[in-house]
>>> print(open('work_26.txt').read())   # compact mmCIF, N, CA and C atoms
# COMPACT_ATOMS: atom_id res chain seq x y z
N MET A 1327 -21.84 33.18 -81.56
CA MET A 1327 -20.66 32.50 -81.05
C MET A 1327 -19.54 33.50 -80.76
N LYS A 1328 -19.38 34.47 -81.67
CA LYS A 1328 -18.35 35.49 -81.45
C LYS A 1328 -18.69 36.32 -80.22
N ILE A 1329 -19.96 36.61 -80.04
CA ILE A 1329 -20.37 37.41 -78.88
C ILE A 1329 -20.08 36.64 -77.60
N LEU A 1330 -20.31 35.35 -77.59
CA LEU A 1330 -20.02 34.52 -76.42
C LEU A 1330 -18.53 34.53 -76.10
N CYS A 1331 -17.68 34.42 -77.11
CA CYS A 1331 -16.22 34.45 -76.90
C CYS A 1331 -15.78 35.81 -76.36
N ILE A 1332 -16.31 36.87 -76.92
CA ILE A 1332 -15.96 38.21 -76.44
C ILE A 1332 -16.41 38.38 -74.99
N PHE A 1333 -17.59 37.92 -74.69
CA PHE A 1333 -18.12 38.01 -73.34
C PHE A 1333 -17.25 37.22 -72.36
N MET A 1334 -16.85 36.01 -72.73
CA MET A 1334 -16.01 35.17 -71.87
C MET A 1334 -14.64 35.81 -71.64
N VAL A 1335 -14.06 36.37 -72.68
CA VAL A 1335 -12.75 37.03 -72.55
C VAL A 1335 -12.88 38.23 -71.60
N PHE A 1336 -13.94 39.00 -71.75
CA PHE A 1336 -14.16 40.14 -70.88
C PHE A 1336 -14.32 39.71 -69.42
N ILE A 1337 -15.11 38.70 -69.17
CA ILE A 1337 -15.34 38.21 -67.80
C ILE A 1337 -14.03 37.70 -67.19
N LEU A 1338 -13.24 36.96 -67.94
CA LEU A 1338 -11.98 36.42 -67.42
C LEU A 1338 -10.98 37.53 -67.10
N THR A 1339 -10.91 38.55 -67.91
CA THR A 1339 -9.94 39.63 -67.66
C THR A 1339 -10.37 40.50 -66.49
N VAL A 1340 -11.65 40.73 -66.33
CA VAL A 1340 -12.13 41.56 -65.23
C VAL A 1340 -12.08 40.81 -63.90
N SER A 1341 -12.31 39.52 -63.90
CA SER A 1341 -12.37 38.76 -62.66
C SER A 1341 -11.00 38.41 -62.08
N CYS A 1342 -9.94 38.71 -62.77
CA CYS A 1342 -8.61 38.38 -62.27
C CYS A 1342 -8.19 39.24 -61.08
N GLY A 1343 -8.86 40.33 -60.83
CA GLY A 1343 -8.52 41.19 -59.70
C GLY A 1343 -7.69 42.37 -60.12
N PRO A 1344 -7.30 43.20 -59.15
CA PRO A 1344 -6.54 44.41 -59.47
C PRO A 1344 -5.13 44.07 -59.94
N ALA A 1345 -4.57 44.98 -60.70
CA ALA A 1345 -3.19 44.80 -61.18
C ALA A 1345 -2.22 44.94 -60.01
N ASP A 1346 -0.99 44.47 -60.19
CA ASP A 1346 0.01 44.50 -59.12
C ASP A 1346 0.29 45.91 -58.60
N PRO A 1347 0.45 46.93 -59.44
CA PRO A 1347 0.71 48.27 -58.88
C PRO A 1347 -0.42 48.75 -57.97
N GLN A 1348 -1.67 48.46 -58.31
CA GLN A 1348 -2.78 48.86 -57.46
C GLN A 1348 -2.74 48.10 -56.13
N LYS A 1349 -2.42 46.83 -56.18
CA LYS A 1349 -2.37 46.01 -54.97
C LYS A 1349 -1.25 46.50 -54.04
N LYS A 1350 -0.08 46.81 -54.60
CA LYS A 1350 1.04 47.28 -53.79
C LYS A 1350 0.72 48.64 -53.17
N LEU A 1351 0.07 49.51 -53.93
CA LEU A 1351 -0.30 50.82 -53.42
C LEU A 1351 -1.29 50.68 -52.26
N ARG A 1352 -2.25 49.79 -52.42
CA ARG A 1352 -3.24 49.58 -51.37
C ARG A 1352 -2.58 49.02 -50.11
N GLU A 1353 -1.66 48.06 -50.25
CA GLU A 1353 -0.96 47.49 -49.10
C GLU A 1353 -0.12 48.55 -48.38
N THR A 1354 0.52 49.43 -49.16
CA THR A 1354 1.32 50.50 -48.57
C THR A 1354 0.44 51.45 -47.78
N LEU A 1355 -0.72 51.81 -48.31
CA LEU A 1355 -1.63 52.70 -47.61
C LEU A 1355 -2.15 52.06 -46.32
N VAL A 1356 -2.41 50.76 -46.35
CA VAL A 1356 -2.88 50.06 -45.15
C VAL A 1356 -1.79 50.06 -44.08
N ARG A 1357 -0.54 49.81 -44.48
CA ARG A 1357 0.57 49.80 -43.50
C ARG A 1357 0.78 51.19 -42.90
N LYS A 1358 0.68 52.24 -43.72
CA LYS A 1358 0.83 53.60 -43.19
C LYS A 1358 -0.29 53.92 -42.22
N ARG A 1359 -1.51 53.49 -42.53
CA ARG A 1359 -2.65 53.73 -41.65
C ARG A 1359 -2.44 53.01 -40.32
N GLU A 1360 -1.97 51.75 -40.36
CA GLU A 1360 -1.69 51.01 -39.13
C GLU A 1360 -0.62 51.71 -38.31
N CYS A 1361 0.37 52.26 -38.98
CA CYS A 1361 1.45 52.98 -38.30
C CYS A 1361 0.90 54.18 -37.55
N TYR A 1362 0.04 54.95 -38.18
CA TYR A 1362 -0.53 56.13 -37.53
C TYR A 1362 -1.50 55.74 -36.42
N LEU A 1363 -2.16 54.59 -36.53
CA LEU A 1363 -3.08 54.15 -35.48
C LEU A 1363 -2.35 53.82 -34.18
N VAL A 1364 -1.10 53.35 -34.27
CA VAL A 1364 -0.33 53.05 -33.06
C VAL A 1364 0.54 54.24 -32.66
N ARG A 1365 0.19 55.42 -33.17
CA ARG A 1365 0.88 56.68 -32.87
C ARG A 1365 2.34 56.64 -33.31
N GLY A 1366 2.59 56.04 -34.46
CA GLY A 1366 3.93 56.01 -35.01
C GLY A 1366 4.07 57.00 -36.15
N SER A 1367 5.27 57.06 -36.69
CA SER A 1367 5.51 57.92 -37.84
C SER A 1367 6.48 57.21 -38.79
N CYS A 1368 6.26 57.39 -40.07
CA CYS A 1368 7.12 56.79 -41.08
C CYS A 1368 8.31 57.71 -41.31
N LYS A 1369 9.51 57.27 -40.97
CA LYS A 1369 10.71 58.07 -41.17
C LYS A 1369 11.81 57.19 -41.74
N THR A 1370 12.89 57.83 -42.11
CA THR A 1370 14.00 57.08 -42.72
C THR A 1370 14.75 56.24 -41.69
N GLU A 1371 14.78 56.70 -40.42
CA GLU A 1371 15.54 55.98 -39.38
C GLU A 1371 14.89 56.23 -38.02
N CYS A 1372 14.86 55.18 -37.18
CA CYS A 1372 14.27 55.32 -35.85
C CYS A 1372 15.34 55.76 -34.85
N ASN A 1373 14.94 56.53 -33.85
CA ASN A 1373 15.84 56.95 -32.78
C ASN A 1373 16.00 55.81 -31.77
N SER A 1374 16.88 56.00 -30.78
CA SER A 1374 17.14 54.94 -29.80
C SER A 1374 15.94 54.71 -28.88
N TRP A 1375 15.09 55.71 -28.67
CA TRP A 1375 13.92 55.54 -27.79
C TRP A 1375 12.69 55.07 -28.54
N GLU A 1376 12.86 54.68 -29.80
CA GLU A 1376 11.75 54.19 -30.62
C GLU A 1376 12.04 52.77 -31.09
N TYR A 1377 11.00 52.04 -31.45
CA TYR A 1377 11.18 50.72 -32.03
C TYR A 1377 10.44 50.66 -33.36
N VAL A 1378 10.83 49.70 -34.20
CA VAL A 1378 10.22 49.56 -35.52
C VAL A 1378 8.98 48.69 -35.39
N TYR A 1379 7.83 49.25 -35.75
CA TYR A 1379 6.56 48.51 -35.67
C TYR A 1379 6.36 47.69 -36.93
N ASN A 1380 6.43 48.31 -38.08
CA ASN A 1380 6.39 47.64 -39.38
C ASN A 1380 7.03 48.59 -40.39
N HIS A 1381 6.97 48.28 -41.64
CA HIS A 1381 7.55 49.16 -42.66
C HIS A 1381 6.44 49.76 -43.52
N CYS A 1382 6.41 51.12 -43.56
CA CYS A 1382 5.51 51.81 -44.49
C CYS A 1382 6.26 51.72 -45.84
N ASP A 1383 5.93 51.46 -46.88
CA ASP A 1383 6.66 51.29 -48.15
C ASP A 1383 8.12 50.86 -47.95
N THR A 1384 9.08 51.79 -47.92
CA THR A 1384 10.49 51.40 -47.75
C THR A 1384 11.06 51.86 -46.42
N GLU A 1385 10.45 52.85 -45.80
CA GLU A 1385 10.96 53.36 -44.53
C GLU A 1385 10.24 52.69 -43.36
N PRO A 1386 10.90 52.63 -42.19
CA PRO A 1386 10.27 51.98 -41.03
C PRO A 1386 9.24 52.88 -40.36
N CYS A 1387 8.31 52.24 -39.67
CA CYS A 1387 7.33 52.94 -38.84
C CYS A 1387 7.90 52.96 -37.42
N CYS A 1388 8.25 54.14 -36.93
CA CYS A 1388 8.89 54.27 -35.62
C CYS A 1388 7.86 54.64 -34.57
N VAL A 1389 7.80 53.85 -33.49
CA VAL A 1389 6.85 54.06 -32.40
C VAL A 1389 7.64 54.29 -31.12
N VAL A 1390 7.25 55.29 -30.34
CA VAL A 1390 7.94 55.63 -29.09
C VAL A 1390 7.67 54.55 -28.06
N ARG A 1391 8.74 54.13 -27.38
CA ARG A 1391 8.58 53.14 -26.31
C ARG A 1391 7.90 53.81 -25.12
N GLU A 1392 6.99 53.11 -24.45
CA GLU A 1392 6.29 53.66 -23.30
C GLU A 1392 7.02 53.30 -22.02
N TYR A 1393 6.99 54.21 -21.07
CA TYR A 1393 7.61 53.96 -19.77
C TYR A 1393 6.64 53.16 -18.91
N ILE A 1394 7.12 52.04 -18.34
CA ILE A 1394 6.30 51.21 -17.46
C ILE A 1394 6.93 51.26 -16.06
N ARG A 1395 6.14 51.67 -15.07
CA ARG A 1395 6.64 51.77 -13.71
C ARG A 1395 6.92 50.37 -13.16
N PRO A 1396 7.95 50.23 -12.35
CA PRO A 1396 8.23 48.93 -11.73
C PRO A 1396 7.09 48.53 -10.80
N GLN A 1397 6.83 47.24 -10.67
CA GLN A 1397 5.73 46.74 -9.84
C GLN A 1397 5.97 46.96 -8.35
N GLU A 1398 7.22 46.90 -7.89
CA GLU A 1398 7.52 47.02 -6.46
C GLU A 1398 7.12 48.39 -5.93
N VAL A 1399 7.38 49.44 -6.66
CA VAL A 1399 7.07 50.79 -6.21
C VAL A 1399 5.56 50.95 -6.05
N THR A 1400 4.78 50.42 -6.96
CA THR A 1400 3.33 50.51 -6.89
C THR A 1400 2.80 49.75 -5.68
N THR A 1401 3.35 48.57 -5.38
CA THR A 1401 2.90 47.75 -4.26
C THR A 1401 3.20 48.44 -2.94
N ILE A 1402 4.37 49.02 -2.80
CA ILE A 1402 4.76 49.68 -1.56
C ILE A 1402 3.87 50.89 -1.31
N SER A 1403 3.62 51.69 -2.31
CA SER A 1403 2.81 52.89 -2.12
C SER A 1403 1.37 52.52 -1.80
N THR A 1404 0.85 51.43 -2.35
CA THR A 1404 -0.50 50.98 -2.06
C THR A 1404 -0.60 50.51 -0.61
N THR A 1405 0.40 49.76 -0.14
CA THR A 1405 0.41 49.26 1.23
C THR A 1405 0.49 50.42 2.21
N THR A 1406 1.32 51.40 1.95
CA THR A 1406 1.46 52.56 2.82
C THR A 1406 0.15 53.33 2.88
N HIS A 1407 -0.53 53.46 1.76
CA HIS A 1407 -1.80 54.17 1.69
C HIS A 1407 -2.87 53.45 2.52
N LYS A 1408 -2.89 52.12 2.47
CA LYS A 1408 -3.87 51.35 3.24
C LYS A 1408 -3.62 51.51 4.74
N ASN A 1409 -2.35 51.49 5.15
CA ASN A 1409 -2.01 51.65 6.56
C ASN A 1409 -2.41 53.03 7.06
N ALA A 1410 -2.24 54.04 6.25
CA ALA A 1410 -2.59 55.40 6.65
C ALA A 1410 -4.10 55.53 6.84
N ASN A 1411 -4.88 54.88 5.99
CA ASN A 1411 -6.33 54.92 6.13
C ASN A 1411 -6.81 54.19 7.37
N SER A 1412 -6.17 53.09 7.73
CA SER A 1412 -6.61 52.32 8.90
C SER A 1412 -6.35 53.09 10.20
N HIS A 1413 -5.28 53.89 10.27
CA HIS A 1413 -4.98 54.69 11.45
C HIS A 1413 -5.94 55.88 11.59
N SER A 1414 -6.40 56.40 10.49
CA SER A 1414 -7.27 57.57 10.55
C SER A 1414 -8.67 57.20 11.00
N ASN A 1415 -9.08 55.94 10.84
CA ASN A 1415 -10.41 55.51 11.23
C ASN A 1415 -10.52 55.26 12.73
N ILE A 1416 -9.41 55.11 13.41
CA ILE A 1416 -9.43 54.76 14.84
C ILE A 1416 -9.77 55.93 15.70
>>> encode(input="work_26.txt", output="structure tokens")
Amino acid sequence: MKILCIFMVFILTVSCGPADPQKKLRETLVRKRECYLVRGSCKTECNSWEYVYNHCDTEPCCVVREYIRPQEVTTISTTTHKNANSHSNI
């Protein structure tokens, strides 16, 4: 009977999962890994050309904003290129 009680106590304490410090450490490591995957860096403060992706422990994960070309410029250059090709075939 004593062995059964000891066994039950052992099973209940082991099955509760990791302690809080281990869980927090693991979550912090996952957030830092996600930050590096999006080409960010964990720093104390983000610059004006960066945005905050998430927070690595206490500091933000700063990711550089990407430049996106306006759609009008791409459309005009494509149309001009098509017209140039049609004249060269004649």
>>> residues_around(input="work_26.txt", residues="range 1355-1371 of chain A", least_positions_apart="6", cutoff="8 Å", atoms="all atoms listed in the file", output="mmCIF file with N, CA and C atoms, in the coordinates of the input")
data_model
loop_
_atom_site.group_PDB
_atom_site.id
_atom_site.type_symbol
_atom_site.label_atom_id
_atom_site.label_comp_id
_atom_site.auth_asym_id
_atom_site.auth_seq_id
_atom_site.Cartn_x
_atom_site.Cartn_y
_atom_site.Cartn_z
ATOM 1 N N LYS A 1349 -2.420 46.830 -56.180
ATOM 2 C CA LYS A 1349 -2.370 46.010 -54.970
ATOM 3 C C LYS A 1349 -1.250 46.500 -54.040
ATOM 4 N N TYR A 1379 7.830 49.250 -35.750
ATOM 5 C CA TYR A 1379 6.560 48.510 -35.670
ATOM 6 C C TYR A 1379 6.360 47.690 -36.930
ATOM 7 N N ASN A 1380 6.430 48.310 -38.080
ATOM 8 C CA ASN A 1380 6.390 47.640 -39.380
ATOM 9 C C ASN A 1380 7.030 48.590 -40.390
ATOM 10 N N HIS A 1381 6.970 48.280 -41.640
ATOM 11 C CA HIS A 1381 7.550 49.160 -42.660
ATOM 12 C C HIS A 1381 6.440 49.760 -43.520
ATOM 13 N N CYS A 1382 6.410 51.120 -43.560
ATOM 14 C CA CYS A 1382 5.510 51.810 -44.490
ATOM 15 C C CYS A 1382 6.260 51.720 -45.840
ATOM 16 N N ASP A 1383 5.930 51.460 -46.880
ATOM 17 C CA ASP A 1383 6.660 51.290 -48.150
ATOM 18 C C ASP A 1383 8.120 50.860 -47.950
ATOM 19 N N THR A 1384 9.080 51.790 -47.920
ATOM 20 C CA THR A 1384 10.490 51.400 -47.750
ATOM 21 C C THR A 1384 11.060 51.860 -46.420
ATOM 22 N N GLU A 1385 10.450 52.850 -45.800
ATOM 23 C CA GLU A 1385 10.960 53.360 -44.530
ATOM 24 C C GLU A 1385 10.240 52.690 -43.360
ATOM 25 N N PRO A 1386 10.900 52.630 -42.190
ATOM 26 C CA PRO A 1386 10.270 51.980 -41.030
ATOM 27 C C PRO A 1386 9.240 52.880 -40.360
ATOM 28 N N CYS A 1387 8.310 52.240 -39.670
ATOM 29 C CA CYS A 1387 7.330 52.940 -38.840
ATOM 30 C C CYS A 1387 7.900 52.960 -37.420
ATOM 31 N N CYS A 1388 8.250 54.140 -36.930
ATOM 32 C CA CYS A 1388 8.890 54.270 -35.620
ATOM 33 C C CYS A 1388 7.860 54.640 -34.570
ATOM 34 N N VAL A 1389 7.800 53.850 -33.490
ATOM 35 C CA VAL A 1389 6.850 54.060 -32.400
ATOM 36 C C VAL A 1389 7.640 54.290 -31.120
ATOM 37 N N VAL A 1390 7.250 55.290 -30.340
ATOM 38 C CA VAL A 1390 7.940 55.630 -29.090
ATOM 39 C C VAL A 1390 7.670 54.550 -28.060
#
>>> atom_distance(input="work_26.txt", atom1="CA of Val1378 in chain A", atom2="atom N of Thr1354 in chain A")
16.7 Å
>>> atom_distance(input="work_26.txt", atom1="atom N of Lys1350 in chain A", atom2="atom C of Val1335 in chain A")
22.9 Å
>>> atom_distance(input="work_26.txt", atom1="CA of Met1334 in chain A", atom2="atom N of Asp1346 in chain A")
21.2 Å
>>> decode(input="work_26.txt", residues="range 1355-1366 of chain A", atoms="C-alpha atoms", output="PDB file, in the first residue's frame")
ATOM      1  CA  LEU A1355      13.892  31.133 -26.954  1.00  0.00           C
ATOM      2  CA  VAL A1356      11.018  30.476 -29.382  1.00  0.00           C
ATOM      3  CA  ARG A1357      10.295  34.224 -29.714  1.00  0.00           C
ATOM      4  CA  LYS A1358      13.988  34.994 -30.339  1.00  0.00           C
ATOM      5  CA  ARG A1359      14.133  32.261 -32.982  1.00  0.00           C
ATOM      6  CA  GLU A1360      11.018  33.677 -34.703  1.00  0.00           C
ATOM      7  CA  CYS A1361      12.631  37.121 -34.624  1.00  0.00           C
ATOM      8  CA  TYR A1362      15.767  35.867 -36.363  1.00  0.00           C
ATOM      9  CA  LEU A1363      13.695  33.935 -38.932  1.00  0.00           C
ATOM     10  CA  VAL A1364      12.078  37.187 -40.125  1.00  0.00           C
ATOM     11  CA  ARG A1365      15.551  38.792 -40.290  1.00  0.00           C
ATOM     12  CA  GLY A1366      14.992  40.868 -37.184  1.00  0.00           C
TER      13      GLY A1366
END
